[in-house]
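Visitor: I'd like to ask some things about the structure below.
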Amino acid sequence: MADKQKIRFKVNGAWREVETRPDRILLDLLREELCLTGTKKGCGEGECGACTVIMNGRTVLSCLIPALKADGAEIMTIEGLGEEGRLHPLQQAFLEEGAVQCGYCTPGMLLSAKALLDENPEPSVEEVKRAISGNLCRCTGYTKIIRAVRAAAETLREDLDPGQPTRRKR
Amino acid sequence: MNWAAYQKPKNVDEALALLVQAAGRGRVIAGGTDLILQLRQRERTADLLVDITGIGDLTGIREKDGWILIGAAATHAEVANSPLIRREARALAEGCAHVGAPQIRNVATLMGNVISAQPAADGAIPLTALEAEIRVVSQTGERWISMEEAYLGVGRSAIDASGEIATDIRFRKLENDAQTKFFRISKRRALALPVLNGAVSFLPDPTSRRIRRARIALGPVAAKPFRARRTEAYLESGEISPGFLEEAARIAGEEADPRTSLMRGSAPYRKDMIRLFLARTMRAMLMAG
């Protein structure tokens, strides 16, 4: 039996240290060792996007990331999107637009949308489609998801303080 | 256990030493989006994974002395978004932009696309048309190999990831008049393997209606990325006239020899699509140029 290896990484703003088997996968580590079950296991093969998290500012499929690859990284899971008692505008928009049915794709969808809006505050419909092209949804038909992302983008733009040169990230 | 140890060295020498120590039971990992699945499904086995993405020397996309150089740790997203690549090798930016999905492109590397040795890899096909070379280092030395030499067969790379590290991709910076373009057909726009993909590189002669240099790579129509050399020779042989490009596309449809495949379609369909898409691509390039 191989020795355990230590990982130290920042998850949703807090540094965490975990000892784990060397062949642990990030998705399983997040869900089980860290009890962050918001990230879902859909296919386990990198084909559905349900396991999407944001790693060092970019969306990745956590079912394909060895946990040890995340050593030193900064990770955001869905639990890190809103704040205590307050939904992120993306989450609010998903609810208002009816973009959530069974909810299984939703965490991954929201994080893909978050990564998009962090880079492109005014995405077109095509740009939204491309940003979520790695997230499958079997329920909604995507239309309301796209609408929700663009509605949230508008909300976030309206939050901009006109006096500030850079937008406040939420 | 799918693997017993995972190391992320800081430089190439350290990485090679780890591989040597593992005596053939270690393996290089970059993005890992293919490898992790293969290890899990036991198509491959390894005791030690040596993650090379932390090696600073292997990141980077740059131009030097008339060559474009891409480090082994460069992801598809980085290549697709690189202003240098978009300007100098558009087909490569386009190809990388089509790999998998955004989450895959953020992690998977262009070098990994070559090493996975699939005949229709969206990064490897433009690299073939660009006549790219791969730098491979081991404890005994280094060598540059061509894209053709890099493939032994489907899924079999000439690069031995248990003892060698592919560090760089390079290709000659193309002339100002040169143009490249990528095309692809697949069942869906994302998360779908190509039914057909291809890259064309043209250097038109500005003073005549001739093509000075033509390079065409197609996949998956053979065990490796396929250079349509008869088509290239024809394109370089004459003046562009009505029917010239169509004839070239017809030759390509003949010299490429895809099998009938449940996943990728019947052979007659695929040969038809080669003709159609190659003709369209070439026409679009010459009209734009």
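Chain labels A, B, ... are given in the sequence in which chains occur in the structure tokens; within each chain residues are numbered consecutively from 1, and ligands are likewise numbered from 1 in the order shown.
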At most 7 Å is the cut-off: for each residue in chain B with any atom that close to an atom of chain A, write down the nearest atom pair and the distance in Å rounded to one decimal, counting only C-alpha atoms, chain first then increasing number, as CSV.

Guide:
residue,atom,partner,partner_atom,distance
B:Met1,CA,A:Asp23,CA,6.7
B:Asn2,CA,A:Asp23,CA,5.9
B:Trp3,CA,A:Asp23,CA,5.4
B:Ala4,CA,A:Ala2,CA,5.4
B:Ala5,CA,A:Pro22,CA,5.2
B:Tyr6,CA,A:Pro22,CA,5.9
B:Thr33,CA,A:Leu64,CA,5.8
B:Ile36,CA,A:Leu64,CA,6.2
B:Leu37,CA,A:Glu45,CA,6.8
B:Ala101,CA,A:Gly134,CA,4.7
B:Pro102,CA,A:Gly134,CA,6.1
B:Gln103,CA,A:Val60,CA,4.3
B:Ile104,CA,A:Val60,CA,6.6
B:Asn106,CA,A:Val60,CA,6.6
B:Val107,CA,A:Val60,CA,6.8
B:Ala190,CA,A:Ser133,CA,5.9
B:Leu191,CA,A:Glu47,CA,6.4

Visitor: Residues of the last selection are to be written out with N, CA and C atoms, as a PDB file, in the first residue's frame.

Guide:
ATOM      1  N   MET B   1      -4.855   0.218  -6.642  1.00  0.00           N
ATOM      2  CA  MET B   1      -4.357   1.588  -6.836  1.00  0.00           C
ATOM      3  C   MET B   1      -4.176   1.828  -8.330  1.00  0.00           C
ATOM      4  N   ASN B   2      -4.581   2.989  -8.777  1.00  0.00           N
ATOM      5  CA  ASN B   2      -4.355   3.316 -10.183  1.00  0.00           C
ATOM      6  C   ASN B   2      -2.937   3.822 -10.414  1.00  0.00           C
ATOM      7  N   TRP B   3      -2.371   4.462  -9.422  1.00  0.00           N
ATOM      8  CA  TRP B   3      -0.935   4.751  -9.416  1.00  0.00           C
ATOM      9  C   TRP B   3      -0.523   4.942  -7.966  1.00  0.00           C
ATOM     10  N   ALA B   4       0.756   4.705  -7.679  1.00  0.00           N
ATOM     11  CA  ALA B   4       1.198   4.651  -6.286  1.00  0.00           C
ATOM     12  C   ALA B   4       1.849   5.936  -5.818  1.00  0.00           C
ATOM     13  N   ALA B   5       2.285   6.756  -6.749  1.00  0.00           N
ATOM     14  CA  ALA B   5       2.941   8.013  -6.347  1.00  0.00           C
ATOM     15  C   ALA B   5       2.761   9.046  -7.443  1.00  0.00           C
ATOM     16  N   TYR B   6       2.773  10.306  -7.014  1.00  0.00           N
ATOM     17  CA  TYR B   6       2.548  11.429  -7.949  1.00  0.00           C
ATOM     18  C   TYR B   6       3.531  12.525  -7.581  1.00  0.00           C
ATOM     19  N   THR B  33      -5.974  14.530 -19.280  1.00  0.00           N
ATOM     20  CA  THR B  33      -7.395  14.284 -19.572  1.00  0.00           C
ATOM     21  C   THR B  33      -7.612  12.977 -20.333  1.00  0.00           C
ATOM     22  N   ILE B  36      -5.596   9.876 -17.509  1.00  0.00           N
ATOM     23  CA  ILE B  36      -6.303   9.478 -16.286  1.00  0.00           C
ATOM     24  C   ILE B  36      -7.371   8.424 -16.605  1.00  0.00           C
ATOM     25  N   LEU B  37      -8.077   8.626 -17.699  1.00  0.00           N
ATOM     26  CA  LEU B  37      -9.093   7.639 -18.081  1.00  0.00           C
ATOM     27  C   LEU B  37      -8.447   6.307 -18.446  1.00  0.00           C
ATOM     28  N   ALA B 101     -14.021  20.509 -24.935  1.00  0.00           N
ATOM     29  CA  ALA B 101     -14.912  21.504 -24.352  1.00  0.00           C
ATOM     30  C   ALA B 101     -14.017  22.467 -23.590  1.00  0.00           C
ATOM     31  N   PRO B 102     -14.558  23.619 -23.140  1.00  0.00           N
ATOM     32  CA  PRO B 102     -13.689  24.591 -22.461  1.00  0.00           C
ATOM     33  C   PRO B 102     -12.903  23.987 -21.293  1.00  0.00           C
ATOM     34  N   GLN B 103     -13.571  23.148 -20.510  1.00  0.00           N
ATOM     35  CA  GLN B 103     -12.894  22.616 -19.327  1.00  0.00           C
ATOM     36  C   GLN B 103     -11.730  21.696 -19.712  1.00  0.00           C
ATOM     37  N   ILE B 104     -11.888  20.999 -20.828  1.00  0.00           N
ATOM     38  CA  ILE B 104     -10.800  20.141 -21.301  1.00  0.00           C
ATOM     39  C   ILE B 104      -9.663  21.007 -21.831  1.00  0.00           C
ATOM     40  N   ASN B 106      -8.748  23.852 -21.020  1.00  0.00           N
ATOM     41  CA  ASN B 106      -8.014  24.564 -19.972  1.00  0.00           C
ATOM     42  C   ASN B 106      -6.933  23.719 -19.330  1.00  0.00           C
ATOM     43  N   VAL B 107      -7.005  22.429 -19.497  1.00  0.00           N
ATOM     44  CA  VAL B 107      -6.097  21.515 -18.806  1.00  0.00           C
ATOM     45  C   VAL B 107      -5.263  20.697 -19.789  1.00  0.00           C
ATOM     46  N   ALA B 190     -19.500  20.227 -29.531  1.00  0.00           N
ATOM     47  CA  ALA B 190     -18.525  20.102 -28.435  1.00  0.00           C
ATOM     48  C   ALA B 190     -18.607  18.699 -27.867  1.00  0.00           C
ATOM     49  N   LEU B 191     -17.608  18.303 -27.139  1.00  0.00           N
ATOM     50  CA  LEU B 191     -17.564  16.989 -26.499  1.00  0.00           C
ATOM     51  C   LEU B 191     -17.843  15.874 -27.508  1.00  0.00           C
TER      52      LEU B 191
END

Visitor: For the helix (DSSP H, G or I) assignment from backbone DSSP, which residues of region 52-155 of chain B qualify? Please present them as number ranges by chain.

Guide: B: 56-58, 76-81, 83-88, 90-97, 102-105, 110-115, 124-129, 147-150

Visitor: For CA of Thr45 (chain B) and CA of Ala121 (chain B), quote the distance in Å rounded to one decimal.

Guide: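 Pair CA of Thr45 (chain B) / CA of Ala121 (chain B) returns 22.6 Å.
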
Visitor: I'd like the contact shell of Ala148 (chain A) - 6 Å cut-off, only C-alpha atoms, skipping same-chain residues fewer than 2 positions apart - returned as a list in words.

Guide: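 After dropping sequence-adjacent residues, the list is Ala93, Phe94, Glu97, Lys144, Ile145, Ile146, Arg150 and Ala151 of chain A.
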
Visitor: Nearest residue to Leu156 (chain A) out of A:Lys114, A:Arg86, A:Lys129, A:Arg138, using only C-alpha atoms?

Guide: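 Closest residue, counting only C-alpha atoms: A:Lys114.
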
Visitor: I need the strand (DSSP E) residues of region 43-162 of chain B per DSSP on the backbone, written as a tab-separated table (two decimals) with C-alpha atoms, in the first residue's frame.

Guide:
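New file part01.tsv:
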chain	number	residue	atom	x	y	z
B	48	LEU	CA	4.56	6.84	-10.63
B	49	LEU	CA	3.13	9.83	-12.43
B	50	VAL	CA	5.54	12.66	-13.18
B	51	ASP	CA	3.57	15.85	-13.69
B	61	ILE	CA	4.45	30.09	-26.76
B	62	ARG	CA	7.02	32.20	-28.52
B	63	GLU	CA	8.80	33.09	-31.71
B	64	LYS	CA	12.57	32.71	-32.06
B	67	TRP	CA	10.55	29.33	-35.58
B	68	ILE	CA	7.38	29.24	-33.55
B	69	LEU	CA	7.96	27.29	-30.33
B	70	ILE	CA	5.28	25.84	-28.09
B	71	GLY	CA	6.17	24.31	-24.74
B	133	GLU	CA	8.77	18.87	-35.10
B	134	ILE	CA	8.87	17.59	-31.53
B	135	ARG	CA	11.85	17.82	-29.22
B	136	VAL	CA	12.29	14.69	-27.12
B	137	VAL	CA	14.76	14.47	-24.25
B	138	SER	CA	15.94	11.51	-22.26
B	141	GLY	CA	20.31	13.03	-25.03
B	142	GLU	CA	17.83	14.92	-27.14
B	143	ARG	CA	16.42	14.67	-30.64
B	144	TRP	CA	13.89	16.39	-32.87
B	145	ILE	CA	11.35	14.19	-34.63
B	146	SER	CA	8.81	15.02	-37.32
B	151	TYR	CA	3.30	8.13	-34.63
B	152	LEU	CA	3.81	4.37	-34.59
B	153	GLY	CA	0.15	3.53	-34.93
B	156	ARG	CA	1.02	4.39	-30.05
B	157	SER	CA	3.47	7.24	-29.86

Visitor: Measuring between only C-alpha atoms, which one of B:Tyr269, B:Phe202, B:Tyr234, B:Phe171 shows the shortest distance to Thr128 (chain B)?

Guide: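 Closest candidate: B:Phe171.
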
Visitor: Extract, using only C-alpha atoms, all DNA, RNA and protein residues at most 9 Å from Glu33 (chain A), discarding same-chain residues fewer than 3 positions from it, and format them as a ChimeraX atom specification.

Guide: /A:18,20,28-30,36
